[in-house]
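Student: There's a structure below that I have some questions on.
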There are 2 protein chains.
Amino acid sequence: MSRKNKREHTSDQLPKLGIQPYLDLMERTALQNTDRKLAHLGLLMLWLGDNAIDTIDLNLETFGLTESKWDVLLLLTLHEDRELITPSSLADRLGIRRASVTAMLDWLEKRHWIIREQSTLDGRKIHVKITQEGRELVARALPVFWSACSSIMSEIEEEERMLLEKILMKLKSSMEKKLGVGR
Amino acid sequence: MSRKNKREHTSDQLPKLGIQPYLDLMERTALQNTDRKLAHLGLLMLWLGDNAIDTIDLNLETFGLTESKWDVLLLLTLHEDRELITPSSLADRLGIRRASVTAMLDWLEKRHWIIREQSTLDGRKIHVKITQEGRELVARALPVFWSACSSIMSEIEEEERMLLEKILMKLKSSMEKKLGVGR
DNA sequence: TAATTTTAGTTAGATAATCTAATTATATAA
DNA sequence: TTATATAATTAGATTATCTAACTAAAATTA
């Protein structure tokens, strides 16, 4: 009784409608020339994207990181010893303002995961580098990150995999073109 | 000359590496038992998810809405006249705290898109409803939302579509199970 | 070469979306 | 009737963004 009664008072949970009511609403409210089937897929992609990001965030949390800080550390790691990385180039790549990068770098620098060095060639520029401590953090987080990535797709079987990879690659380039971004 | 020169000064753009350097890094840093192929797909899904969200945000911006406010309005629309919607049930469904819902409802109420009514049956509860003005906003935004959803998938061809739908539905339910959420 | 313009980075101040902890009112249970 | 639980809010914080203004340095131009 106690358990059951309790539940009854916990009340008012919104029932999970599933996707059908969304599709019904779409039928009534989309423009004539909107492809319903594609919009259905797009809606799924949007939802999955949210879930994928939540999964990754959950795993990065262990390291005191968020997705955007992680992106910065990953960029610094991948470009290390290749090119000079400035706050401007990070802002450009991340699609955010320089002021936002400044804030993020302040946060990372306070934790000794990155350092800023004034450029000797051009006094306006700052050279951003990952520190040894930062490298160690990344080294600890990477295995978890990859395993989180793979867990997102754990249900996929071999036959589907190849095809899905092809489709996702195609979507990646078409979306990047549309948004004018890229990695 | 002028244009070219200018470009040369625009300097220090980080080159777009593409996915290969990520895969190389994965090879070196993933755990032995991490399925590389699946992690590759997961990484793509993560990136696509970001892009899909950006696309939707860009379109909702026109209406002064963000994805989370839109989610609330959509929930109110779909559940209208079906069940009593309370701040608690919204928090539960959205996976956020009641305090966060309070803030969002304040914002929406200030714009006259929702109203709050005290429940007569249980004085602790608030009944949240979409207003006529809110309904009109949603009616204007919905066609744009669906067309944005379909634009995400515009490259998909009919043969791929069926299979992709099946895969995405499967991923949706597996991820929702893992995260303990659902729509 | 001196004056002007552009670029890089930061600072200041704002908003949005979240959180936790504390508070208030009401309802339920012991 | 008293104690406990629930619903919502408030207060105060953090993170991630933004724009506008500012400083310093470099590049352009007159």
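Every chain in the structure tokens has a letter given in the order shown (A, B, ...), and although residue numbers restart at 1 in each chain, ligands are simply numbered from 1 in the order shown.
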Run DSSP on the backbone and grab whatever in segment 54-161 of chain A lands in alpha helix (DSSP H); send it over as a PyMOL selection string.

Tutor: chain A and resi 54-61+67-79+87-94+98-110+132-152+158-161

Student: Check every residue of chain A for an atom within 8 Å of chain C, counting only C-alpha atoms (C1' of nucleotides), and provide those that qualify as a list in words.

Tutor: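 Result: Pro87, Ser88, Arg98, Ala99, Thr102, Arg124, Lys125 and Ile126 of chain A.
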
Student: Which is closer to chain B than all the others in A:Ile156, A:Met104, A:Met26, A:Ala39, using only C-alpha atoms?

Tutor: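 Smallest separation from chain B among the options: A:Ala39.
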
Student: Using only C-alpha atoms (C1' of nucleotides), which of D:DT6, D:DT14, D:DT23, D:DT28 sits nearest chain B?

Tutor: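 Smallest separation from chain B among the options: D:DT6.
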
Student: I need the chain A residues near chain B as an mmCIF file with C-alpha atoms, in the first residue's frame; criterion: at most 6 Å, counting only C-alpha atoms.

Tutor:
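And here is the file that came out, iface-v4.cif:
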data_model
loop_
_atom_site.group_PDB
_atom_site.id
_atom_site.type_symbol
_atom_site.label_atom_id
_atom_site.label_comp_id
_atom_site.auth_asym_id
_atom_site.auth_seq_id
_atom_site.Cartn_x
_atom_site.Cartn_y
_atom_site.Cartn_z
ATOM 1 C CA GLN A 13 3.577 13.294 -14.528
ATOM 2 C CA LEU A 14 3.164 14.325 -18.097
ATOM 3 C CA LYS A 16 5.236 10.427 -22.669
ATOM 4 C CA GLY A 18 6.001 9.498 -28.245
ATOM 5 C CA THR A 29 0.922 22.962 -39.383
ATOM 6 C CA ALA A 30 3.779 22.428 -41.848
ATOM 7 C CA LEU A 31 3.908 24.315 -45.118
ATOM 8 C CA THR A 34 7.736 20.846 -46.502
ATOM 9 C CA LEU A 38 12.473 14.541 -44.003
ATOM 10 C CA ALA A 39 11.092 16.769 -41.261
ATOM 11 C CA GLY A 42 15.186 16.065 -38.769
ATOM 12 C CA LEU A 43 13.110 16.037 -35.597
ATOM 13 C CA LEU A 46 17.414 17.069 -33.146
ATOM 14 C CA GLY A 49 21.573 15.352 -30.813
ATOM 15 C CA ALA A 52 24.176 12.652 -27.474
ATOM 16 C CA SER A 89 41.533 31.817 -34.199
ATOM 17 C CA PRO A 143 39.426 7.270 -23.076
ATOM 18 C CA TRP A 146 35.693 7.808 -26.787
ATOM 19 C CA SER A 147 33.837 5.257 -24.795
ATOM 20 C CA CYS A 149 30.949 8.297 -28.108
ATOM 21 C CA SER A 150 30.741 4.610 -28.777
ATOM 22 C CA ILE A 152 25.794 6.485 -28.098
ATOM 23 C CA MET A 153 25.898 4.033 -30.964
ATOM 24 C CA ARG A 183 36.068 21.212 -38.111
#

Student: Of the candidates B:Gln20, B:Thr62, B:Ser119, B:Gln132, which one gets nearest to DA7 of chain D if we count only C-alpha atoms (C1' of nucleotides)?

Tutor: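 Ranking B:Gln20, B:Thr62, B:Ser119, B:Gln132 by distance to DA7 of chain D, first place goes to B:Ser119.
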
Student: Would you list, as a PyMOL selection string, the residues of segment 83-165 of chain A that end up in strand (DSSP E or B) under DSSP run on this structure's backbone?

Tutor: chain A and resi 114-118+126-130

Student: List every residue of chain D that has an atom at most 12 Å from any atom of chain A, giving for each one its closest atom pair and the distance in Å to one decimal, counting only C-alpha atoms (C1' of nucleotides), sorted by chain and then by ascending residue number, as CSV.

Tutor:
residue,atom,partner,partner_atom,distance
D:DA5,C1',A:Lys6,CA,10.2
D:DT6,C1',A:Thr10,CA,8.3
D:DA7,C1',A:Thr10,CA,10.7
D:DT14,C1',A:Trp107,CA,11.8
D:DT15,C1',A:Thr66,CA,9.2
D:DA16,C1',A:Ser100,CA,7.6
D:DT17,C1',A:Ser100,CA,6.7
D:DC18,C1',A:Arg97,CA,8.0
D:DT19,C1',A:Ala99,CA,9.7
D:DA20,C1',A:Ala99,CA,11.3
D:DT23,C1',A:Arg124,CA,10.4
D:DA24,C1',A:Arg124,CA,7.0
D:DA25,C1',A:Arg124,CA,5.4
D:DA26,C1',A:Asp122,CA,7.6
D:DA27,C1',A:Asp122,CA,11.6

Student: If I take atom CA of Leu60 of chain B and atom CA of Val72 of chain A, how far is one from the other in Å, to one decimal?

Tutor: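 Going from atom CA of Leu60 of chain B over to atom CA of Val72 of chain A covers 27.2 Å.
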
Student: Skipping near chain neighbours, those fewer than 4 positions away, what residues fall within 9 Å of segment 114-117 of chain B using only C-alpha atoms (C1' of nucleotides), listed as a ChimeraX atom specification?

Tutor: /B:73,76,86,105,108-110,125-134

Student: Grab the atom CA of Asp57 of chain A to atom CA of Gly95 of chain B distance for me, in Å with one decimal place.

Tutor: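 Pair atom CA of Asp57 of chain A / atom CA of Gly95 of chain B returns 14.1 Å.
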
Student: By how many Å are atom CA of Thr120 of chain B and atom CA of Asp71 of chain B apart?

Tutor: 26.7 Å
